[in-house]
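J.: Input structure: model.cif, which contains mmCIF, C-alpha atoms and all ligand atoms.
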data_structure
loop_
_atom_site.label_atom_id
_atom_site.label_comp_id
_atom_site.auth_asym_id
_atom_site.auth_seq_id
_atom_site.Cartn_x
_atom_site.Cartn_y
_atom_site.Cartn_z
CA MET A 1 -78.60 -4.30 45.11
CA SER A 2 -78.21 -2.50 41.80
CA GLU A 3 -75.48 -3.85 39.52
CA SER A 4 -74.51 -0.35 38.40
CA ASN A 5 -72.96 0.77 41.67
CA LYS A 6 -69.54 2.29 41.42
CA ILE A 7 -66.81 0.49 43.33
CA PHE A 8 -65.51 3.26 45.57
CA ASN A 9 -62.21 3.54 47.36
CA ARG A 10 -62.59 4.05 51.11
CA THR A 11 -59.75 6.57 51.40
CA GLU A 12 -61.08 8.76 48.59
CA LEU A 13 -64.70 8.53 49.66
CA THR A 14 -63.86 9.43 53.25
CA LYS A 15 -61.99 12.51 51.98
CA ARG A 16 -64.99 13.40 49.85
CA LEU A 17 -67.28 13.09 52.87
CA VAL A 18 -65.05 15.12 55.17
CA GLY A 19 -64.86 17.85 52.51
CA GLN A 20 -68.62 18.26 52.84
CA LEU A 21 -68.70 18.61 56.61
CA LYS A 22 -69.13 22.30 57.43
CA HIS A 23 -71.03 22.20 60.71
CA GLU A 24 -68.70 20.50 63.16
CA GLU A 25 -70.42 17.18 62.59
CA ALA A 26 -69.31 14.36 64.87
CA VAL A 27 -67.81 11.38 63.02
CA VAL A 28 -67.37 8.06 64.81
CA ALA A 29 -65.27 5.56 62.90
CA GLY A 30 -65.06 1.84 63.56
CA ILE A 31 -62.15 -0.46 64.33
CA GLY A 32 -59.34 -0.61 61.76
CA ASN A 33 -59.63 0.77 58.27
CA THR A 34 -62.65 3.04 58.71
CA ASN A 35 -60.92 5.05 61.42
CA PHE A 36 -57.55 4.89 59.63
CA ASP A 37 -59.10 6.54 56.59
CA LEU A 38 -60.98 9.07 58.70
CA PHE A 39 -57.64 10.04 60.21
CA ALA A 40 -56.00 10.01 56.77
CA ALA A 41 -58.61 12.51 55.54
CA GLY A 42 -57.17 15.03 58.01
CA HIS A 43 -57.80 15.14 61.73
CA ARG A 44 -60.82 17.13 62.87
CA PRO A 45 -61.67 17.88 66.53
CA GLN A 46 -65.03 16.12 66.09
CA ASN A 47 -63.53 12.76 65.04
CA PHE A 48 -63.71 9.70 67.27
CA TYR A 49 -61.36 6.82 66.50
CA MET A 50 -62.04 3.35 67.87
CA LEU A 51 -59.19 1.04 68.86
CA GLY A 52 -61.23 -2.06 69.65
CA SER A 53 -64.84 -2.89 70.57
CA MET A 54 -65.53 -4.22 67.08
CA GLY A 55 -69.13 -3.57 66.04
CA ILE A 56 -69.78 -0.73 68.47
CA ALA A 57 -69.25 2.33 66.22
CA ILE A 58 -72.96 2.74 65.47
CA PRO A 59 -74.02 2.46 69.14
CA ILE A 60 -71.40 5.07 70.10
CA ALA A 61 -72.63 7.38 67.34
CA LEU A 62 -76.22 6.81 68.45
CA GLY A 63 -75.26 7.84 71.99
CA VAL A 64 -73.68 11.04 70.69
CA ALA A 65 -76.73 11.71 68.51
CA ILE A 66 -79.06 11.33 71.49
CA ALA A 67 -76.91 13.58 73.70
CA GLN A 68 -76.57 16.29 71.04
CA PRO A 69 -79.74 16.24 68.91
CA GLU A 70 -78.80 19.48 67.12
CA ARG A 71 -75.48 18.13 65.82
CA GLY A 72 -75.11 15.99 62.73
CA VAL A 73 -73.53 12.65 63.67
CA ILE A 74 -72.00 10.19 61.23
CA ALA A 75 -70.94 6.60 61.88
CA LEU A 76 -68.42 5.01 59.53
CA GLU A 77 -68.44 1.24 59.79
CA GLY A 78 -67.11 -1.78 57.91
CA ASP A 79 -69.38 -4.58 56.74
CA GLY A 80 -67.64 -7.18 58.94
CA SER A 81 -68.01 -4.98 61.99
CA LEU A 82 -71.67 -4.26 61.29
CA LEU A 83 -72.36 -7.98 60.80
CA MET A 84 -71.01 -8.58 64.32
CA GLY A 85 -73.89 -6.58 65.79
CA LEU A 86 -76.73 -6.11 63.31
CA GLY A 87 -79.10 -5.62 66.24
CA CYS A 88 -77.94 -2.02 66.63
CA LEU A 89 -79.78 -1.18 63.39
CA THR A 90 -83.06 -2.16 65.06
CA THR A 91 -82.21 0.12 67.97
CA VAL A 92 -81.44 3.01 65.60
CA ALA A 93 -84.75 2.37 63.83
CA THR A 94 -86.60 2.43 67.15
CA VAL A 95 -84.94 5.59 68.48
CA ARG A 96 -85.20 7.28 65.05
CA PRO A 97 -82.59 10.01 65.59
CA ARG A 98 -83.01 12.51 62.75
CA ASN A 99 -79.38 13.61 63.06
CA LEU A 100 -77.70 10.21 62.58
CA THR A 101 -76.20 9.00 59.31
CA ILE A 102 -74.59 5.57 59.00
CA ILE A 103 -72.14 4.90 56.18
CA VAL A 104 -71.23 1.26 55.64
CA MET A 105 -67.99 0.63 53.76
CA ASP A 106 -68.79 -2.72 52.17
CA ASN A 107 -65.80 -4.53 50.67
CA GLY A 108 -67.35 -7.94 51.30
CA LEU A 109 -64.22 -8.67 53.32
CA TYR A 110 -62.62 -8.65 56.69
CA GLN A 111 -59.87 -6.72 54.92
CA ILE A 112 -57.63 -5.98 57.85
CA THR A 113 -57.40 -9.53 59.15
CA GLY A 114 -56.39 -11.05 55.81
CA LYS A 115 -59.21 -10.44 53.34
CA GLN A 116 -61.47 -13.28 54.44
CA THR A 117 -64.92 -13.06 52.80
CA THR A 118 -67.88 -11.71 54.78
CA ALA A 119 -71.53 -12.56 54.24
CA THR A 120 -71.99 -9.39 52.19
CA GLY A 121 -69.46 -10.83 49.75
CA GLY A 122 -71.95 -13.66 49.36
CA GLY A 123 -75.67 -13.04 49.49
CA THR A 124 -76.33 -10.53 52.26
CA ASP A 125 -77.53 -7.10 51.13
CA ILE A 126 -76.84 -4.47 53.79
CA VAL A 127 -79.46 -2.05 52.48
CA ALA A 128 -82.14 -4.73 52.48
CA VAL A 129 -81.09 -5.70 56.02
CA ALA A 130 -81.24 -2.09 57.20
CA ARG A 131 -84.66 -1.53 55.63
CA GLY A 132 -85.87 -4.74 57.22
CA CYS A 133 -84.61 -3.47 60.55
CA GLY A 134 -86.77 -0.38 60.08
CA ILE A 135 -84.36 2.21 58.69
CA ALA A 136 -86.50 3.19 55.71
CA ALA A 137 -83.99 5.70 54.32
CA SER A 138 -81.35 3.09 53.45
CA HIS A 139 -79.67 3.39 50.06
CA TRP A 140 -76.95 1.88 47.93
CA VAL A 141 -74.76 4.69 46.62
CA HIS A 142 -74.41 4.57 42.82
CA ASP A 143 -71.64 7.09 42.16
CA ASP A 144 -69.97 10.27 43.44
CA THR A 145 -72.79 12.63 42.48
CA HIS A 146 -75.34 10.32 44.05
CA PHE A 147 -73.24 10.25 47.24
CA ASP A 148 -73.08 14.06 47.34
CA GLU A 149 -76.84 14.28 46.84
CA LEU A 150 -77.62 11.71 49.52
CA ILE A 151 -75.31 13.47 51.97
CA ALA A 152 -76.86 16.86 51.19
CA ARG A 153 -80.40 15.48 51.61
CA ARG A 154 -79.73 13.35 54.67
CA PHE A 155 -81.88 15.36 57.06
CA ASP A 156 -84.86 15.67 54.70
CA ASP A 157 -86.87 12.66 55.85
CA GLY A 158 -86.61 13.45 59.53
CA GLY A 159 -85.12 10.09 60.49
CA PRO A 160 -81.85 8.18 60.43
CA VAL A 161 -80.18 7.44 57.10
CA LEU A 162 -78.00 4.50 56.11
CA LEU A 163 -75.78 4.68 53.05
CA ALA A 164 -74.02 1.55 51.88
CA VAL A 165 -71.11 1.80 49.45
CA LYS A 166 -69.35 -1.00 47.64
CA ILE A 167 -65.61 -0.43 48.05
CA ASP A 168 -62.43 -2.08 46.77
CA ASP A 169 -60.14 -4.29 48.83
CA LYS A 170 -57.52 -1.62 49.65
CA PRO A 171 -56.33 -1.04 53.23
CA GLY A 172 -56.63 2.28 55.06
CA ALA A 173 -54.13 4.99 54.15
CA ALA A 174 -52.74 5.94 57.58
CA GLN A 175 -52.57 4.73 61.17
CA THR A 176 -54.39 6.61 63.90
CA PRO A 177 -52.34 7.45 67.02
CA ARG A 178 -53.28 4.88 69.66
CA ASP A 179 -53.92 7.05 72.71
CA PRO A 180 -57.51 6.41 73.79
CA ALA A 181 -57.66 8.90 76.67
CA LEU A 182 -56.35 11.66 74.41
CA ILE A 183 -58.74 10.70 71.59
CA ARG A 184 -61.67 10.85 74.00
CA ASN A 185 -60.56 14.12 75.56
CA ARG A 186 -60.09 15.86 72.19
CA PHE A 187 -63.37 14.50 70.85
CA MET A 188 -65.25 15.84 73.86
CA LYS A 189 -63.56 19.20 73.45
CA GLY A 190 -64.58 19.12 69.78
CA LEU A 191 -68.18 18.57 70.89
CA GLY A 192 -67.99 21.47 73.32
CA ILE A 193 -67.78 19.24 76.40
CA GLY A 194 -64.55 20.45 77.97
CA SER A 195 -63.12 18.73 81.01
CA GLY A 196 -59.57 20.07 81.09
CA GLY A 197 -60.54 23.50 82.44
CA VAL A 198 -57.50 25.73 82.62
CA LEU A 199 -55.36 23.02 80.95
CA ASP A 200 -57.45 23.44 77.81
CA ALA A 201 -56.68 27.15 77.57
CA MET B 1 -87.45 3.78 100.23
CA PRO B 2 -87.51 0.68 97.97
CA TRP B 3 -84.14 0.08 96.27
CA SER B 4 -85.44 1.01 92.82
CA GLU B 5 -86.70 4.38 94.09
CA THR B 6 -83.33 5.08 95.67
CA PHE B 7 -81.65 4.46 92.32
CA LEU B 8 -84.01 6.84 90.52
CA ASP B 9 -83.52 9.45 93.20
CA VAL B 10 -79.70 9.25 93.20
CA PHE B 11 -79.60 9.20 89.39
CA LYS B 12 -81.57 12.44 89.33
CA LYS B 13 -79.43 14.11 91.98
CA ASN B 14 -76.36 13.29 89.88
CA ASP B 15 -77.81 14.21 86.46
CA VAL B 16 -77.69 10.63 85.24
CA ARG B 17 -80.37 10.91 82.55
CA PHE B 18 -79.47 8.37 79.89
CA ILE B 19 -80.30 4.75 80.59
CA SER B 20 -79.71 1.89 78.20
CA TYR B 21 -80.78 -1.58 79.20
CA VAL B 22 -81.52 -5.14 78.24
CA PRO B 23 -84.47 -6.36 80.31
CA ASP B 24 -84.18 -8.52 83.41
CA ASN B 25 -86.96 -9.72 85.67
CA VAL B 26 -85.44 -8.37 88.89
CA LEU B 27 -84.77 -4.99 87.30
CA THR B 28 -88.41 -4.58 86.27
CA PRO B 29 -89.27 -1.87 88.85
CA LEU B 30 -86.17 0.12 87.90
CA ILE B 31 -86.85 -0.22 84.17
CA LYS B 32 -90.48 0.81 84.75
CA GLY B 33 -89.23 3.75 86.78
CA VAL B 34 -86.97 5.12 84.04
CA THR B 35 -89.28 4.41 81.11
CA SER B 36 -92.27 6.09 82.78
CA ASP B 37 -90.42 9.23 83.87
CA ASN B 38 -89.72 11.97 81.30
CA TYR B 39 -86.59 13.00 83.15
CA PHE B 40 -84.88 9.93 81.75
CA ILE B 41 -83.97 9.14 78.17
CA SER B 42 -84.11 5.36 78.02
CA VAL B 43 -83.18 3.04 75.19
CA ASN B 44 -83.74 -0.69 75.07
CA ALA B 45 -80.57 -2.17 73.51
CA THR B 46 -80.38 -5.55 71.80
CA ARG B 47 -77.12 -6.42 73.55
CA GLU B 48 -75.31 -5.16 76.63
CA ASP B 49 -72.14 -4.22 74.73
CA GLU B 50 -74.31 -2.14 72.41
CA ALA B 51 -75.81 -0.46 75.49
CA MET B 52 -72.29 0.31 76.77
CA GLY B 53 -71.37 1.84 73.42
CA MET B 54 -74.41 4.12 73.59
CA VAL B 55 -73.57 5.20 77.13
CA ALA B 56 -69.98 5.96 76.02
CA GLY B 57 -71.26 8.09 73.14
CA ALA B 58 -73.79 9.86 75.33
CA TRP B 59 -71.12 10.67 77.94
CA MET B 60 -68.83 12.14 75.31
CA GLY B 61 -71.75 14.21 74.09
CA GLY B 62 -72.35 15.56 77.59
CA LEU B 63 -75.01 13.19 78.91
CA LYS B 64 -74.30 10.96 81.91
CA GLY B 65 -75.59 7.43 81.60
CA ALA B 66 -76.04 3.98 83.06
CA VAL B 67 -76.33 0.49 81.60
CA MET B 68 -78.74 -1.91 83.26
CA MET B 69 -78.39 -5.65 82.78
CA GLN B 70 -78.35 -9.03 84.49
CA THR B 71 -75.24 -11.15 85.17
CA SER B 72 -75.51 -13.03 81.85
CA GLY B 73 -75.68 -9.69 80.11
CA PHE B 74 -72.54 -8.55 81.86
CA ALA B 75 -70.78 -11.57 80.37
CA VAL B 76 -71.44 -10.16 76.90
CA THR B 77 -69.46 -7.02 77.65
CA PRO B 78 -65.80 -7.68 78.66
CA ASN B 79 -64.40 -6.81 75.22
CA THR B 80 -66.21 -3.48 75.16
CA LEU B 81 -65.27 -2.76 78.76
CA ALA B 82 -61.60 -3.58 78.14
CA SER B 83 -61.19 -1.84 74.78
CA LEU B 84 -63.60 1.10 75.09
CA ILE B 85 -64.93 1.98 78.53
CA VAL B 86 -61.74 1.45 80.55
CA PRO B 87 -59.00 2.75 78.21
CA TYR B 88 -61.03 5.74 76.99
CA GLN B 89 -61.86 6.58 80.63
CA ILE B 90 -65.64 6.63 80.37
CA PRO B 91 -67.50 6.86 83.70
CA ALA B 92 -70.19 4.39 82.69
CA ILE B 93 -72.43 3.29 85.54
CA LEU B 94 -73.17 -0.43 85.37
CA VAL B 95 -76.21 -1.72 87.22
CA ILE B 96 -76.14 -5.52 87.29
CA SER B 97 -78.82 -7.66 88.84
CA GLU B 98 -77.14 -10.70 90.31
CA ARG B 99 -78.46 -14.00 89.05
CA GLY B 100 -76.90 -17.40 89.53
CA THR B 101 -76.67 -17.30 93.30
CA MET B 102 -78.84 -17.67 96.43
CA GLY B 103 -81.68 -19.63 94.98
CA GLU B 104 -80.95 -19.95 91.28
CA PHE B 105 -82.75 -22.72 89.40
CA ASN B 106 -81.02 -22.29 86.06
CA ILE B 107 -77.58 -23.90 85.87
CA GLY B 108 -76.80 -21.74 82.85
CA GLN B 109 -76.84 -18.65 85.07
CA VAL B 110 -74.61 -20.07 87.81
CA ALA B 111 -71.26 -20.39 86.02
CA VAL B 112 -71.79 -17.12 84.18
CA ALA B 113 -72.30 -15.32 87.48
CA ARG B 114 -68.91 -16.58 88.72
CA ILE B 115 -66.99 -14.79 85.99
CA MET B 116 -68.42 -11.39 86.88
CA ARG B 117 -66.40 -10.22 89.89
CA PRO B 118 -63.06 -11.67 88.67
CA THR B 119 -63.60 -9.87 85.34
CA LEU B 120 -64.41 -6.56 87.01
CA ASP B 121 -61.43 -6.93 89.36
CA THR B 122 -59.06 -7.89 86.53
CA LEU B 123 -60.04 -4.72 84.68
CA SER B 124 -59.80 -2.71 87.93
CA VAL B 125 -63.41 -1.65 87.62
CA GLU B 126 -64.64 -0.40 90.99
CA ASN B 127 -67.53 -2.65 92.03
CA HIS B 128 -69.90 -2.74 94.96
CA THR B 129 -72.27 -5.49 95.91
CA LEU B 130 -75.45 -3.91 97.20
CA ASP B 131 -77.24 -6.01 99.80
CA ASP B 132 -78.49 -3.49 102.34
CA GLU B 133 -81.14 -0.88 101.60
CA SER B 134 -79.97 1.42 104.39
CA LYS B 135 -76.49 1.81 102.87
CA LEU B 136 -77.76 2.26 99.34
CA PRO B 137 -78.12 6.07 99.18
CA PHE B 138 -74.58 6.64 100.44
CA ILE B 139 -72.88 4.00 98.27
CA LEU B 140 -74.70 5.04 95.09
CA ASP B 141 -74.27 8.76 95.48
CA ALA B 142 -70.61 8.65 96.56
CA SER B 143 -69.62 6.07 93.93
CA ILE B 144 -71.32 7.86 91.04
CA LYS B 145 -69.57 11.08 92.03
CA GLN B 146 -66.26 9.24 92.28
CA ALA B 147 -66.77 7.63 88.86
CA VAL B 148 -67.35 11.01 87.23
CA LYS B 149 -64.48 12.75 89.04
CA THR B 150 -62.01 9.95 88.33
CA GLN B 151 -63.34 9.25 84.82
CA ALA B 152 -63.70 5.55 85.52
CA PRO B 153 -66.62 3.13 85.30
CA VAL B 154 -68.35 1.77 88.40
CA ALA B 155 -70.39 -1.41 88.77
CA PHE B 156 -73.25 -1.92 91.19
CA ILE B 157 -74.13 -5.57 91.73
CA LEU B 158 -77.65 -5.98 93.06
CA SER B 159 -77.61 -8.96 95.43
CA PRO B 160 -80.78 -11.04 95.95
CA LEU B 161 -80.46 -9.90 99.57
CA LEU B 162 -81.41 -6.42 98.34
CA THR B 163 -83.88 -7.23 95.60
CA GLY B 164 -85.48 -10.40 96.92
CA GLY B 165 -84.09 -12.21 93.88
CA ASN B 166 -85.97 -13.48 90.89
CA PRO B 167 -89.65 -14.09 91.64
CA VAL B 168 -89.72 -16.81 89.00
CA ALA B 169 -86.90 -18.63 90.80
CA HIS B 170 -88.82 -18.78 94.05
CA ALA B 171 -91.73 -20.43 92.32
CA LYS B 172 -89.48 -22.96 90.56
CA LEU B 173 -87.47 -23.83 93.65
CA SER B 174 -90.52 -24.51 95.81
CA SER B 175 -92.34 -26.57 93.19
C1 LIG C 1 -64.50 -8.98 68.88
C2 LIG C 1 -63.45 -9.04 67.85
N1 LIG C 1 -63.40 -10.08 66.99
C3 LIG C 1 -62.45 -10.11 66.03
C4 LIG C 1 -61.53 -9.11 65.93
C5 LIG C 1 -60.47 -9.13 64.83
N2 LIG C 1 -60.80 -8.15 63.80
C6 LIG C 1 -60.31 -6.89 63.84
S1 LIG C 1 -60.79 -5.96 62.55
C7 LIG C 1 -61.64 -7.25 61.88
C8 LIG C 1 -62.32 -7.14 60.55
C9 LIG C 1 -63.12 -5.92 60.37
O1 LIG C 1 -63.82 -6.04 59.17
P1 LIG C 1 -64.61 -4.84 58.56
O2 LIG C 1 -65.34 -4.13 59.61
O3 LIG C 1 -65.37 -5.32 57.38
O4 LIG C 1 -63.46 -3.83 58.08
P2 LIG C 1 -62.33 -4.04 56.96
O5 LIG C 1 -61.17 -4.71 57.65
O6 LIG C 1 -62.87 -4.86 55.85
O7 LIG C 1 -61.97 -2.65 56.56
C10 LIG C 1 -61.58 -8.39 62.70
C11 LIG C 1 -62.22 -9.68 62.39
C12 LIG C 1 -61.60 -8.06 66.86
N3 LIG C 1 -60.75 -7.01 66.86
N4 LIG C 1 -62.56 -8.04 67.80
#
How does this structure look as structure tokens?
T.:
Amino acid sequence: MSESNKIFNRTELTKRLVGQLKHEEAVVAGIGNTNFDLFAAGHRPQNFYMLGSMGIAIPIALGVAIAQPERGVIALEGDGSLLMGLGCLTTVATVRPRNLTIIVMDNGLYQITGKQTTATGGGTDIVAVARGCGIAASHWVHDDTHFDELIARRFDDGGPVLLAVKIDDKPGAAQTPRDPALIRNRFMKGLGIGSGGVLDA
Amino acid sequence: MPWSETFLDVFKKNDVRFISYVPDNVLTPLIKGVTSDNYFISVNATREDEAMGMVAGAWMGGLKGAVMMQTSGFAVTPNTLASLIVPYQIPAILVISERGTMGEFNIGQVAVARIMRPTLDTLSVENHTLDDESKLPFILDASIKQAVKTQAPVAFILSPLLTGGNPVAHAKLSS
């Protein structure tokens, strides 16, 4: 990991990301702070907010990416959550969806449960792990301009991309409404998979 | 029709195209069936909860899917079932080959198998134990349709009475 990486703030970076989404990209955000900040950046119909199932954001995003290969799909995940199921990176590397981008918000902490240190706060390098798992296009993000460039170029290599950002220890900026059936229904509608029929009119 | 062929047939009739699985010996013919047929999009997951997450994502993206696993694999999944599949109302189809009963040699499988039905019942997940080939087409087709219409998961437990059980177990038990 390069020493010159900017320490980002999750809330600001998520806003920055959402500002660059112009094509109804699906965004799946993990348990706790990642989905709180996605919600804080302004609700979009293509957002999926998790309320549990720690570690499963990337698999959910992979499922969406497989079902809708023409849509850009982004997974937002915390380092602690990713560490719970690193195996999913090997699955992403095997499937090689060209439309999937993984963004890991690495504070080196389980922030939401009391700021206990994770392995990435010690010696584990998420980008090295992801490359080892077979996701060749895995990068540490150095600063804002670098982030914008990497986001703009994310489809260029024809495979999945993983961006890891070092972030501060701040909590998420809002709380997502906790109504899973509604979240799922609206997300599906946002992806053009309506189920409400006349009720959706 | 052998049980695995019935599954493939009913999956196709119901547009169930996405299959995520962690291998199991008994499921081998079914896994071979989906991986060798271009109709299906199959992904080998590293864990069963990961497979469930993929099926949830695929469903929300418009692709119906099933997770295939053995009993021990099911035991990995209750958190994902309880906090994702059930509350978000995802009609995930769970195909579980039943180990730990009727001729098991591995004590590690036996206790794990006992938690399966109580867990499914506690979460109110519709579950059917499949032990009779003749009833298979009806149960599978009707239950998959019900799962989709009611936006709820369904679990199919493949009894050794249906599958013949684990071939490795037979060898170990008679030696
Ligand atoms: C299976 C499971 N284990 C533990 C928890 C408790 N828990 C909830 S969020 C969390 C930490 C998440 O850490 P990370 O993904 O790094 O996000 P951060 O809080 O740092 O933003 C933990 C341990 C849980 N919800 N589920």
J.: Using all atoms listed in the file for the distances, tell me which of B:Ala111, B:Val34, B:Val55, B:Ile41 is nearest to Leu84 (chain B).
T.: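 For Leu84 (chain B), the nearest of the given residues is B:Val55.
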J.: I'd like the neighbourhood of Val92 (chain A) as number ranges by chain, where a residue qualifies if any of its atoms comes within 8 Å (using only C-alpha atoms), though same-chain residues fewer than 5 positions away should be ignored.
T.: A: 62, 97, 135, 160
J.: Around ligand LIG 1 (chain C), which protein and nucleic acid residues have at least one atom no more than 6 Å from it, if we count all atoms listed in the file? List them as a count of residues only.
T.: 15
J.: Could you list the residues in chain B lying within 10 Å of chain A, using only C-alpha atoms, and format the result as a PyMOL selection string?
T.: chain B and resi 17-18+20+41-47+49-65+77-90+151
J.: How many Å lie between CA of Ile115 (chain B) and CA of Val95 (chain B), rounded to one decimal?
T.: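 CA of Ile115 (chain B) sits 16.0 Å away from CA of Val95 (chain B).
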J.: Between CA of Cys133 (chain A) and CA of Leu17 (chain A), measure the distance and give it in Å to one decimal.
T.: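 So the two atoms, CA of Cys133 (chain A) and CA of Leu17 (chain A), lie 25.2 Å apart.
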J.: Just how far from CA of His146 (chain A) is CA of Phe39 (chain A), in Å to one decimal?
T.: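 CA of Phe39 (chain A) sits 24.0 Å away from CA of His146 (chain A).
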J.: If we count all atoms listed in the file, what is near Gly33 (chain B) at a cut-off of 12 Å, once residues fewer than 2 positions away on the same chain are taken out, given as a VMD selection string?
T.: chain B and resid 2 to 9 11 to 12 19 27 to 31 35 to 42
J.: Let me make sure I understand: among B:Lys135, B:Arg114, B:His128, B:Arg99, which one has the smallest atom-to-atom distance to Met1 (chain B) if we use only C-alpha atoms?
T.: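 Smallest separation from Met1 (chain B) among the options: B:Lys135.
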J.: Neighbours of Gly103 (chain B) within 12 Å (all atoms listed in the file; same-chain residues fewer than 5 positions away dropped), as a short mmCIF file (atom, residue, chain, number, x, y, z; two decimals) with C-alpha atoms, in the frame of the given file?
T.:
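Generated file (part17.cif):
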data_model
loop_
_atom_site.label_atom_id
_atom_site.label_comp_id
_atom_site.auth_asym_id
_atom_site.auth_seq_id
_atom_site.Cartn_x
_atom_site.Cartn_y
_atom_site.Cartn_z
CA GLU B 98 -77.14 -10.70 90.31
CA GLN B 109 -76.84 -18.65 85.07
CA VAL B 110 -74.61 -20.07 87.81
CA SER B 159 -77.61 -8.96 95.43
CA PRO B 160 -80.78 -11.04 95.95
CA LEU B 161 -80.46 -9.90 99.57
CA GLY B 164 -85.48 -10.40 96.92
CA GLY B 165 -84.09 -12.21 93.88
CA ASN B 166 -85.97 -13.48 90.89
CA PRO B 167 -89.65 -14.09 91.64
CA VAL B 168 -89.72 -16.81 89.00
CA ALA B 169 -86.90 -18.63 90.80
CA HIS B 170 -88.82 -18.78 94.05
CA ALA B 171 -91.73 -20.43 92.32
CA LYS B 172 -89.48 -22.96 90.56
CA LEU B 173 -87.47 -23.83 93.65
CA SER B 174 -90.52 -24.51 95.81
#
J.: Which one of A:Ala93, A:Ile7, A:Leu21, A:Leu13 sits closest to Ala152 (chain A) if you count all atoms listed in the file?
T.: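 Smallest separation from Ala152 (chain A) among the options: A:Leu21.
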J.: Counting all atoms listed in the file, find the residues whose atoms lie at most 7 Å from (-56.9, 4.7, 49.5) (file coordinates) and write them out as a list in words.
T.: Asn9, Arg10, Thr11, Glu12, Lys170, Pro171, Gly172 and Ala173 of chain A
J.: Extract, using all atoms listed in the file, all DNA, RNA and protein residues at most 8 Å from Ala130 (chain A), discarding same-chain residues fewer than 6 positions from it, and format them as a ChimeraX atom specification.
T.: /A:89,136,138,162
